[in-house]
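See structure below.
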Amino acid sequence: MIWMVAVLVIAVAGLLPGLYRSATGTPAERLIGLQLITVSGLMIIIALAMVAGQSSYLIVAVVLALLSAAGLLVFTRLLTPDRRPAGDQAGDDRD
């Protein structure tokens, strides 16, 4: 039981820098802050599943991890600058 309290303390302590980083900084730093919040949330959900003895709660953690990874890829794609030449239009395949 002591290690559950330790996990929850570490997870909550991870929320504070994540909240700060997601509130300030560049867009990339905000994305990193959101990922830190997600990891802390996963730790809390897993610890609560172990304390409650309900393995079905772990499904929520798995879905959250998968959605977080997919969201990270989408937002990373949106944060990268467009590297196409100025005259090149998307979907313009005429030669």
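Residue numbering restarts at 1 in every chain; chains get A, B, ... in the order shown in the structure tokens, and ligands count up from 1 in that same order.
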
Q | range 44-52 of chain A surroundings by only C-alpha atoms, 9 Å radius, close-in-sequence under 2 positions cut, as a PyMOL selection string | A | chain A and resi 1+4-5+7-8+11-12+39-42+54-58+60-61

Enumerate the residues of chain A with a DSSP assignment of alpha helix (DSSP H), computed from the backbone, and present them as a compact mmCIF listing (two decimals) with all heavy atoms, in the first residue's frame.
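Full text of result_21.txt as output:
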```txt
# COMPACT_ATOMS: atom_id res chain seq x y z
N ILE A 2 2.01 1.19 0.63
CA ILE A 2 2.90 2.35 0.68
C ILE A 2 3.37 2.72 -0.73
O ILE A 2 3.45 3.91 -1.06
CB ILE A 2 4.12 2.05 1.59
CG1 ILE A 2 3.72 2.10 3.05
CG2 ILE A 2 5.28 2.98 1.33
CD1 ILE A 2 3.45 3.50 3.55
N TRP A 3 3.64 1.75 -1.57
CA TRP A 3 4.14 2.06 -2.91
C TRP A 3 3.04 2.69 -3.77
O TRP A 3 3.34 3.45 -4.68
CB TRP A 3 4.74 0.82 -3.57
CG TRP A 3 3.78 -0.30 -3.80
CD1 TRP A 3 3.44 -1.28 -2.92
CD2 TRP A 3 3.02 -0.54 -4.97
NE1 TRP A 3 2.52 -2.11 -3.48
CE2 TRP A 3 2.24 -1.68 -4.74
CE3 TRP A 3 2.91 0.10 -6.21
CZ2 TRP A 3 1.37 -2.20 -5.68
CZ3 TRP A 3 2.05 -0.43 -7.14
CH2 TRP A 3 1.29 -1.57 -6.88
N MET A 4 1.78 2.39 -3.48
CA MET A 4 0.68 3.05 -4.20
C MET A 4 0.65 4.55 -3.89
O MET A 4 0.45 5.37 -4.77
CB MET A 4 -0.67 2.44 -3.82
CG MET A 4 -0.89 1.09 -4.36
SD MET A 4 -1.08 1.22 -6.13
CE MET A 4 -1.43 -0.46 -6.49
N VAL A 5 0.85 4.87 -2.63
CA VAL A 5 0.90 6.28 -2.23
C VAL A 5 2.08 6.97 -2.90
O VAL A 5 1.97 8.10 -3.39
CB VAL A 5 0.96 6.41 -0.69
CG1 VAL A 5 1.16 7.86 -0.29
CG2 VAL A 5 -0.29 5.83 -0.05
N ALA A 6 3.21 6.26 -2.96
CA ALA A 6 4.40 6.84 -3.60
C ALA A 6 4.15 7.08 -5.09
O ALA A 6 4.55 8.12 -5.63
CB ALA A 6 5.60 5.91 -3.40
N VAL A 7 3.49 6.15 -5.76
CA VAL A 7 3.18 6.32 -7.18
C VAL A 7 2.26 7.52 -7.39
O VAL A 7 2.47 8.33 -8.29
CB VAL A 7 2.55 5.04 -7.76
CG1 VAL A 7 1.94 5.29 -9.13
CG2 VAL A 7 3.58 3.93 -7.85
N LEU A 8 1.25 7.64 -6.55
CA LEU A 8 0.33 8.77 -6.68
C LEU A 8 1.02 10.11 -6.41
O LEU A 8 0.75 11.11 -7.08
CB LEU A 8 -0.87 8.58 -5.77
CG LEU A 8 -1.86 7.50 -6.21
CD1 LEU A 8 -2.94 7.31 -5.16
CD2 LEU A 8 -2.47 7.84 -7.55
N VAL A 9 1.93 10.13 -5.44
CA VAL A 9 2.67 11.37 -5.14
C VAL A 9 3.55 11.76 -6.33
O VAL A 9 3.59 12.92 -6.74
CB VAL A 9 3.49 11.22 -3.85
CG1 VAL A 9 4.49 12.36 -3.69
CG2 VAL A 9 2.58 11.15 -2.65
N ILE A 10 4.25 10.77 -6.89
CA ILE A 10 5.11 11.05 -8.05
C ILE A 10 4.26 11.50 -9.24
O ILE A 10 4.65 12.42 -9.97
CB ILE A 10 5.96 9.81 -8.39
CG1 ILE A 10 6.99 9.57 -7.29
CG2 ILE A 10 6.65 9.98 -9.74
CD1 ILE A 10 7.73 8.26 -7.42
N ALA A 11 3.11 10.87 -9.45
CA ALA A 11 2.25 11.23 -10.57
C ALA A 11 1.71 12.65 -10.41
O ALA A 11 1.69 13.43 -11.37
CB ALA A 11 1.11 10.23 -10.70
N VAL A 12 1.26 12.99 -9.22
CA VAL A 12 0.74 14.34 -8.99
C VAL A 12 1.87 15.36 -9.10
O VAL A 12 1.67 16.47 -9.62
CB VAL A 12 0.03 14.41 -7.62
CG1 VAL A 12 -0.31 15.83 -7.25
CG2 VAL A 12 -1.23 13.55 -7.66
N ALA A 13 3.07 14.99 -8.64
CA ALA A 13 4.21 15.90 -8.78
C ALA A 13 4.57 16.10 -10.25
O ALA A 13 5.10 17.15 -10.62
CB ALA A 13 5.41 15.35 -8.01
N GLY A 14 4.27 15.14 -11.10
CA GLY A 14 4.52 15.30 -12.53
C GLY A 14 3.50 16.19 -13.20
O GLY A 14 3.74 16.73 -14.28
N LEU A 15 2.35 16.36 -12.58
CA LEU A 15 1.32 17.23 -13.16
C LEU A 15 1.71 18.70 -13.10
O LEU A 15 1.40 19.47 -14.01
CB LEU A 15 -0.01 17.03 -12.44
CG LEU A 15 -0.76 15.74 -12.73
CD1 LEU A 15 -1.98 15.63 -11.83
CD2 LEU A 15 -1.17 15.67 -14.18
N LEU A 16 2.39 19.10 -12.04
CA LEU A 16 2.71 20.53 -11.87
C LEU A 16 3.63 21.06 -12.97
O LEU A 16 3.31 22.08 -13.59
CB LEU A 16 3.29 20.76 -10.48
CG LEU A 16 2.32 20.44 -9.33
CD1 LEU A 16 3.02 20.61 -7.99
CD2 LEU A 16 1.09 21.29 -9.41
N PRO A 17 4.78 20.41 -13.27
CA PRO A 17 5.59 20.93 -14.38
C PRO A 17 4.88 20.81 -15.73
O PRO A 17 5.06 21.64 -16.61
CB PRO A 17 6.85 20.07 -14.36
CG PRO A 17 6.78 19.21 -13.19
CD PRO A 17 5.44 19.32 -12.58
N GLY A 18 4.05 19.77 -15.87
CA GLY A 18 3.31 19.62 -17.11
C GLY A 18 2.31 20.74 -17.32
O GLY A 18 2.16 21.26 -18.43
N LEU A 19 1.62 21.13 -16.27
CA LEU A 19 0.68 22.25 -16.36
C LEU A 19 1.40 23.56 -16.66
O LEU A 19 0.93 24.37 -17.46
CB LEU A 19 -0.13 22.37 -15.07
CG LEU A 19 -1.19 21.29 -14.85
CD1 LEU A 19 -1.77 21.42 -13.44
CD2 LEU A 19 -2.28 21.42 -15.88
N TYR A 20 2.54 23.75 -16.01
CA TYR A 20 3.31 24.98 -16.26
C TYR A 20 3.80 25.03 -17.70
O TYR A 20 3.69 26.05 -18.38
CB TYR A 20 4.49 25.07 -15.29
CG TYR A 20 5.39 26.24 -15.60
CD1 TYR A 20 5.01 27.53 -15.28
CD2 TYR A 20 6.61 26.05 -16.24
CE1 TYR A 20 5.83 28.61 -15.58
CE2 TYR A 20 7.43 27.11 -16.54
CZ TYR A 20 7.04 28.39 -16.21
OH TYR A 20 7.84 29.44 -16.53
N ARG A 21 4.35 23.90 -18.17
CA ARG A 21 4.92 23.88 -19.51
C ARG A 21 3.83 24.00 -20.57
O ARG A 21 4.05 24.61 -21.61
CB ARG A 21 5.71 22.58 -19.70
CG ARG A 21 6.46 22.48 -20.98
CD ARG A 21 7.34 23.64 -21.31
NE ARG A 21 8.29 23.96 -20.28
CZ ARG A 21 8.91 25.14 -20.18
NH1 ARG A 21 8.70 26.08 -21.06
NH2 ARG A 21 9.74 25.37 -19.22
N SER A 22 2.66 23.43 -20.31
CA SER A 22 1.59 23.53 -21.31
C SER A 22 0.92 24.91 -21.30
O SER A 22 0.25 25.26 -22.25
CB SER A 22 0.54 22.44 -21.10
OG SER A 22 -0.09 22.60 -19.86
N ALA A 23 1.12 25.68 -20.25
CA ALA A 23 0.54 27.01 -20.18
C ALA A 23 1.47 28.07 -20.75
O ALA A 23 1.01 29.13 -21.18
CB ALA A 23 0.18 27.37 -18.75
N PRO A 27 4.89 26.44 -28.97
CA PRO A 27 3.94 25.36 -29.22
C PRO A 27 4.54 23.97 -29.00
O PRO A 27 3.87 23.08 -28.49
CB PRO A 27 3.53 25.57 -30.67
CG PRO A 27 3.69 27.03 -30.90
CD PRO A 27 4.89 27.42 -30.08
N ALA A 28 5.80 23.78 -29.36
CA ALA A 28 6.43 22.47 -29.14
C ALA A 28 6.57 22.18 -27.65
O ALA A 28 6.34 21.04 -27.20
CB ALA A 28 7.80 22.44 -29.82
N GLU A 29 6.93 23.18 -26.85
CA GLU A 29 7.04 22.99 -25.41
C GLU A 29 5.67 22.73 -24.78
O GLU A 29 5.56 21.95 -23.83
CB GLU A 29 7.70 24.21 -24.76
CG GLU A 29 9.16 24.35 -25.12
CD GLU A 29 9.77 25.63 -24.61
OE1 GLU A 29 9.00 26.54 -24.17
OE2 GLU A 29 11.00 25.75 -24.67
N ARG A 30 4.64 23.34 -25.31
CA ARG A 30 3.29 23.08 -24.81
C ARG A 30 2.87 21.65 -25.10
O ARG A 30 2.21 21.00 -24.29
CB ARG A 30 2.30 24.05 -25.43
CG ARG A 30 2.48 25.46 -24.94
CD ARG A 30 1.52 26.41 -25.59
NE ARG A 30 1.75 27.75 -25.05
CZ ARG A 30 1.01 28.78 -25.35
NH1 ARG A 30 0.00 28.65 -26.19
NH2 ARG A 30 1.27 29.95 -24.83
N LEU A 31 3.26 21.14 -26.26
CA LEU A 31 2.96 19.76 -26.61
C LEU A 31 3.67 18.80 -25.67
O LEU A 31 3.10 17.79 -25.25
CB LEU A 31 3.34 19.50 -28.06
CG LEU A 31 2.98 18.15 -28.64
CD1 LEU A 31 1.48 17.93 -28.58
CD2 LEU A 31 3.47 18.04 -30.06
N ILE A 32 4.90 19.11 -25.33
CA ILE A 32 5.65 18.28 -24.38
C ILE A 32 4.96 18.31 -23.01
O ILE A 32 4.87 17.28 -22.33
CB ILE A 32 7.11 18.76 -24.29
CG1 ILE A 32 7.83 18.46 -25.60
CG2 ILE A 32 7.83 18.09 -23.13
CD1 ILE A 32 9.18 19.10 -25.73
N GLY A 33 4.48 19.47 -22.60
CA GLY A 33 3.76 19.57 -21.33
C GLY A 33 2.49 18.72 -21.32
O GLY A 33 2.18 18.05 -20.33
N LEU A 34 1.77 18.73 -22.44
CA LEU A 34 0.56 17.90 -22.53
C LEU A 34 0.89 16.41 -22.47
O LEU A 34 0.16 15.62 -21.88
CB LEU A 34 -0.21 18.23 -23.81
CG LEU A 34 -0.92 19.57 -23.83
CD1 LEU A 34 -1.55 19.82 -25.19
CD2 LEU A 34 -1.98 19.63 -22.74
N GLN A 35 2.01 16.03 -23.07
CA GLN A 35 2.42 14.63 -23.00
C GLN A 35 2.80 14.25 -21.57
O GLN A 35 2.52 13.13 -21.13
CB GLN A 35 3.59 14.35 -23.95
CG GLN A 35 3.19 14.37 -25.40
CD GLN A 35 2.18 13.29 -25.71
OE1 GLN A 35 2.36 12.14 -25.37
NE2 GLN A 35 1.09 13.69 -26.36
N LEU A 36 3.44 15.15 -20.84
CA LEU A 36 3.78 14.88 -19.45
C LEU A 36 2.51 14.73 -18.60
O LEU A 36 2.44 13.85 -17.73
CB LEU A 36 4.67 15.99 -18.89
CG LEU A 36 5.15 15.84 -17.46
CD1 LEU A 36 5.94 14.55 -17.29
CD2 LEU A 36 5.99 17.02 -17.06
N ILE A 37 1.51 15.55 -18.86
CA ILE A 37 0.25 15.43 -18.15
C ILE A 37 -0.41 14.09 -18.46
O ILE A 37 -0.96 13.43 -17.57
CB ILE A 37 -0.68 16.61 -18.51
CG1 ILE A 37 -0.13 17.91 -17.93
CG2 ILE A 37 -2.10 16.37 -18.03
CD1 ILE A 37 -0.85 19.14 -18.42
N THR A 38 -0.33 13.67 -19.71
CA THR A 38 -0.92 12.39 -20.10
C THR A 38 -0.23 11.23 -19.39
O THR A 38 -0.90 10.31 -18.90
CB THR A 38 -0.84 12.20 -21.62
OG1 THR A 38 -1.52 13.28 -22.25
CG2 THR A 38 -1.47 10.90 -22.05
N VAL A 39 1.09 11.26 -19.33
CA VAL A 39 1.82 10.19 -18.65
C VAL A 39 1.48 10.17 -17.16
O VAL A 39 1.28 9.10 -16.58
CB VAL A 39 3.34 10.34 -18.88
CG1 VAL A 39 4.13 9.41 -17.99
CG2 VAL A 39 3.67 10.09 -20.34
N SER A 40 1.37 11.33 -16.56
CA SER A 40 0.99 11.39 -15.14
C SER A 40 -0.42 10.87 -14.94
O SER A 40 -0.70 10.15 -13.98
CB SER A 40 1.09 12.83 -14.63
OG SER A 40 2.42 13.29 -14.72
N GLY A 41 -1.31 11.20 -15.86
CA GLY A 41 -2.68 10.69 -15.78
C GLY A 41 -2.73 9.17 -15.93
O GLY A 41 -3.50 8.49 -15.24
N LEU A 42 -1.88 8.65 -16.81
CA LEU A 42 -1.81 7.19 -16.97
C LEU A 42 -1.33 6.53 -15.68
O LEU A 42 -1.87 5.48 -15.28
CB LEU A 42 -0.88 6.83 -18.11
CG LEU A 42 -1.41 7.04 -19.52
CD1 LEU A 42 -0.31 6.83 -20.54
CD2 LEU A 42 -2.56 6.11 -19.79
N MET A 43 -0.34 7.13 -15.05
CA MET A 43 0.15 6.56 -13.78
C MET A 43 -0.95 6.56 -12.72
O MET A 43 -1.11 5.59 -11.98
CB MET A 43 1.36 7.35 -13.28
CG MET A 43 2.61 7.12 -14.08
SD MET A 43 4.00 8.15 -13.56
CE MET A 43 4.16 7.72 -11.85
N ILE A 44 -1.73 7.63 -12.67
CA ILE A 44 -2.81 7.72 -11.69
C ILE A 44 -3.88 6.67 -11.98
O ILE A 44 -4.36 5.98 -11.07
CB ILE A 44 -3.40 9.14 -11.67
CG1 ILE A 44 -2.37 10.13 -11.10
CG2 ILE A 44 -4.69 9.19 -10.88
CD1 ILE A 44 -2.75 11.58 -11.26
N ILE A 45 -4.26 6.51 -13.24
CA ILE A 45 -5.29 5.53 -13.60
C ILE A 45 -4.82 4.12 -13.28
O ILE A 45 -5.58 3.30 -12.74
CB ILE A 45 -5.67 5.67 -15.08
CG1 ILE A 45 -6.42 6.99 -15.31
CG2 ILE A 45 -6.53 4.49 -15.54
CD1 ILE A 45 -6.64 7.31 -16.78
N ILE A 46 -3.57 3.81 -13.60
CA ILE A 46 -3.05 2.47 -13.33
C ILE A 46 -2.98 2.22 -11.83
O ILE A 46 -3.34 1.14 -11.35
CB ILE A 46 -1.68 2.28 -14.00
CG1 ILE A 46 -1.86 2.24 -15.52
CG2 ILE A 46 -0.99 1.01 -13.51
CD1 ILE A 46 -0.57 2.28 -16.30
N ALA A 47 -2.54 3.21 -11.05
CA ALA A 47 -2.48 3.04 -9.60
C ALA A 47 -3.87 2.85 -9.01
O ALA A 47 -4.07 2.01 -8.13
CB ALA A 47 -1.78 4.24 -8.96
N LEU A 48 -4.85 3.61 -9.51
CA LEU A 48 -6.22 3.46 -9.02
C LEU A 48 -6.80 2.10 -9.39
O LEU A 48 -7.56 1.51 -8.62
CB LEU A 48 -7.10 4.59 -9.53
CG LEU A 48 -6.82 5.97 -8.96
CD1 LEU A 48 -7.69 7.02 -9.64
CD2 LEU A 48 -7.02 5.99 -7.46
N ALA A 49 -6.44 1.60 -10.56
CA ALA A 49 -6.90 0.26 -10.96
C ALA A 49 -6.32 -0.81 -10.04
O ALA A 49 -7.00 -1.77 -9.67
CB ALA A 49 -6.51 -0.02 -12.40
N MET A 50 -5.08 -0.63 -9.63
CA MET A 50 -4.46 -1.61 -8.73
C MET A 50 -5.06 -1.52 -7.34
O MET A 50 -5.30 -2.54 -6.70
CB MET A 50 -2.95 -1.39 -8.67
CG MET A 50 -2.27 -1.43 -9.99
SD MET A 50 -1.44 -2.91 -10.45
CE MET A 50 -0.57 -3.43 -9.07
N VAL A 51 -5.33 -0.32 -6.86
CA VAL A 51 -5.91 -0.14 -5.53
C VAL A 51 -7.33 -0.71 -5.50
O VAL A 51 -7.71 -1.39 -4.55
CB VAL A 51 -5.90 1.35 -5.12
CG1 VAL A 51 -6.77 1.59 -3.92
CG2 VAL A 51 -4.48 1.80 -4.85
N ALA A 52 -8.10 -0.43 -6.54
CA ALA A 52 -9.49 -0.89 -6.58
C ALA A 52 -9.59 -2.38 -6.91
O ALA A 52 -10.63 -2.98 -6.68
CB ALA A 52 -10.28 -0.08 -7.59
N TYR A 57 -10.23 -1.32 -15.44
CA TYR A 57 -9.84 0.09 -15.51
C TYR A 57 -8.58 0.28 -16.36
O TYR A 57 -8.32 1.37 -16.85
CB TYR A 57 -9.58 0.66 -14.13
CG TYR A 57 -10.80 0.77 -13.25
CD1 TYR A 57 -10.67 0.96 -11.88
CD2 TYR A 57 -12.08 0.70 -13.77
CE1 TYR A 57 -11.78 1.07 -11.06
CE2 TYR A 57 -13.19 0.81 -12.96
CZ TYR A 57 -13.04 0.99 -11.61
OH TYR A 57 -14.12 1.09 -10.80
N LEU A 58 -7.81 -0.78 -16.52
CA LEU A 58 -6.59 -0.69 -17.32
C LEU A 58 -6.91 -0.47 -18.80
O LEU A 58 -6.07 0.04 -19.54
CB LEU A 58 -5.74 -1.93 -17.13
CG LEU A 58 -5.19 -2.13 -15.73
CD1 LEU A 58 -4.45 -3.45 -15.63
CD2 LEU A 58 -4.30 -0.98 -15.32
N ILE A 59 -8.10 -0.84 -19.22
CA ILE A 59 -8.50 -0.59 -20.61
C ILE A 59 -8.54 0.90 -20.88
O ILE A 59 -8.13 1.37 -21.95
CB ILE A 59 -9.87 -1.24 -20.89
CG1 ILE A 59 -9.74 -2.76 -20.79
CG2 ILE A 59 -10.41 -0.84 -22.26
CD1 ILE A 59 -11.06 -3.49 -20.86
N VAL A 60 -8.99 1.67 -19.91
CA VAL A 60 -9.02 3.13 -20.05
C VAL A 60 -7.60 3.66 -20.24
O VAL A 60 -7.36 4.52 -21.08
CB VAL A 60 -9.70 3.78 -18.83
CG1 VAL A 60 -9.62 5.29 -18.90
CG2 VAL A 60 -11.13 3.31 -18.70
N ALA A 61 -6.65 3.12 -19.47
CA ALA A 61 -5.26 3.57 -19.59
C ALA A 61 -4.68 3.21 -20.96
O ALA A 61 -3.96 4.01 -21.56
CB ALA A 61 -4.43 2.94 -18.48
N VAL A 62 -5.00 2.03 -21.46
CA VAL A 62 -4.50 1.63 -22.78
C VAL A 62 -5.07 2.51 -23.88
O VAL A 62 -4.35 2.97 -24.77
CB VAL A 62 -4.81 0.14 -23.05
CG1 VAL A 62 -4.53 -0.23 -24.49
CG2 VAL A 62 -4.03 -0.75 -22.11
N VAL A 63 -6.36 2.80 -23.81
CA VAL A 63 -7.00 3.66 -24.83
C VAL A 63 -6.42 5.07 -24.75
O VAL A 63 -6.14 5.69 -25.78
CB VAL A 63 -8.53 3.66 -24.65
CG1 VAL A 63 -9.18 4.72 -25.52
CG2 VAL A 63 -9.09 2.29 -24.97
N LEU A 64 -6.22 5.58 -23.54
CA LEU A 64 -5.64 6.91 -23.38
C LEU A 64 -4.22 6.96 -23.95
O LEU A 64 -3.85 7.94 -24.61
CB LEU A 64 -5.63 7.32 -21.91
CG LEU A 64 -5.06 8.70 -21.59
CD1 LEU A 64 -5.85 9.79 -22.29
CD2 LEU A 64 -5.04 8.92 -20.09
N ALA A 65 -3.44 5.91 -23.73
CA ALA A 65 -2.08 5.88 -24.27
C ALA A 65 -2.09 5.85 -25.79
O ALA A 65 -1.29 6.54 -26.44
CB ALA A 65 -1.34 4.67 -23.72
N LEU A 66 -2.99 5.08 -26.38
CA LEU A 66 -3.06 5.01 -27.84
C LEU A 66 -3.52 6.33 -28.44
O LEU A 66 -2.97 6.80 -29.44
CB LEU A 66 -3.99 3.88 -28.27
CG LEU A 66 -3.48 2.47 -28.00
CD1 LEU A 66 -4.56 1.45 -28.32
CD2 LEU A 66 -2.23 2.19 -28.79
N LEU A 67 -4.52 6.94 -27.83
CA LEU A 67 -5.00 8.24 -28.34
C LEU A 67 -3.94 9.33 -28.17
O LEU A 67 -3.81 10.22 -29.01
CB LEU A 67 -6.30 8.64 -27.64
CG LEU A 67 -7.53 7.82 -28.02
CD1 LEU A 67 -8.72 8.26 -27.18
CD2 LEU A 67 -7.84 7.95 -29.49
N SER A 68 -3.20 9.25 -27.09
CA SER A 68 -2.15 10.23 -26.86
C SER A 68 -1.04 10.11 -27.91
O SER A 68 -0.55 11.12 -28.42
CB SER A 68 -1.57 10.04 -25.46
OG SER A 68 -0.45 10.87 -25.29
N ALA A 69 -0.67 8.88 -28.23
CA ALA A 69 0.37 8.69 -29.24
C ALA A 69 -0.10 9.18 -30.61
O ALA A 69 0.65 9.84 -31.33
CB ALA A 69 0.76 7.21 -29.30
N ALA A 70 -1.34 8.87 -30.96
CA ALA A 70 -1.88 9.33 -32.25
C ALA A 70 -2.00 10.85 -32.27
O ALA A 70 -1.67 11.49 -33.27
CB ALA A 70 -3.24 8.68 -32.50
N GLY A 71 -2.44 11.43 -31.17
CA GLY A 71 -2.55 12.89 -31.10
C GLY A 71 -1.20 13.57 -31.20
O GLY A 71 -1.07 14.63 -31.82
N LEU A 72 -0.18 12.95 -30.60
CA LEU A 72 1.17 13.51 -30.70
C LEU A 72 1.64 13.55 -32.15
O LEU A 72 2.21 14.54 -32.60
CB LEU A 72 2.14 12.69 -29.85
CG LEU A 72 3.60 13.11 -29.93
CD1 LEU A 72 3.79 14.47 -29.30
CD2 LEU A 72 4.48 12.09 -29.27
N LEU A 73 1.37 12.49 -32.89
CA LEU A 73 1.77 12.46 -34.30
C LEU A 73 1.02 13.52 -35.11
O LEU A 73 1.62 14.19 -35.96
CB LEU A 73 1.52 11.07 -34.88
CG LEU A 73 2.40 9.96 -34.33
CD1 LEU A 73 1.96 8.62 -34.91
CD2 LEU A 73 3.85 10.22 -34.62
N VAL A 74 -0.25 13.69 -34.85
CA VAL A 74 -1.04 14.68 -35.59
C VAL A 74 -0.55 16.09 -35.28
O VAL A 74 -0.32 16.90 -36.18
CB VAL A 74 -2.54 14.53 -35.27
CG1 VAL A 74 -3.33 15.71 -35.81
CG2 VAL A 74 -3.07 13.24 -35.84
N PHE A 75 -0.38 16.41 -34.00
CA PHE A 75 0.05 17.75 -33.63
C PHE A 75 1.49 18.02 -34.08
O PHE A 75 1.82 19.15 -34.45
CB PHE A 75 -0.08 17.98 -32.13
CG PHE A 75 -1.50 18.22 -31.70
CD1 PHE A 75 -2.08 17.44 -30.74
CD2 PHE A 75 -2.24 19.24 -32.27
CE1 PHE A 75 -3.39 17.66 -30.35
CE2 PHE A 75 -3.54 19.47 -31.88
CZ PHE A 75 -4.12 18.68 -30.92
N THR A 76 2.34 17.01 -34.09
CA THR A 76 3.70 17.20 -34.59
C THR A 76 3.66 17.53 -36.08
O THR A 76 4.41 18.38 -36.56
CB THR A 76 4.54 15.94 -34.35
OG1 THR A 76 4.54 15.66 -32.96
CG2 THR A 76 5.96 16.14 -34.80
N ARG A 77 2.79 16.87 -36.80
CA ARG A 77 2.63 17.15 -38.22
C ARG A 77 2.14 18.58 -38.44
O ARG A 77 2.56 19.26 -39.36
CB ARG A 77 1.66 16.14 -38.84
CG ARG A 77 1.29 16.41 -40.26
CD ARG A 77 2.44 16.08 -41.19
NE ARG A 77 1.99 16.26 -42.56
CZ ARG A 77 2.68 16.90 -43.46
NH1 ARG A 77 3.85 17.40 -43.18
NH2 ARG A 77 2.23 17.03 -44.68
N LEU A 78 1.25 19.04 -37.58
CA LEU A 78 0.73 20.40 -37.72
C LEU A 78 1.76 21.46 -37.33
O LEU A 78 1.70 22.59 -37.81
CB LEU A 78 -0.53 20.57 -36.88
CG LEU A 78 -1.75 19.79 -37.33
CD1 LEU A 78 -2.88 19.95 -36.33
CD2 LEU A 78 -2.19 20.23 -38.71
N LEU A 79 2.70 21.10 -36.45
CA LEU A 79 3.70 22.07 -36.00
C LEU A 79 4.87 22.21 -36.97
O LEU A 79 5.60 23.19 -36.92
CB LEU A 79 4.24 21.69 -34.63
CG LEU A 79 3.27 21.90 -33.46
CD1 LEU A 79 3.91 21.38 -32.17
CD2 LEU A 79 2.92 23.35 -33.31
```
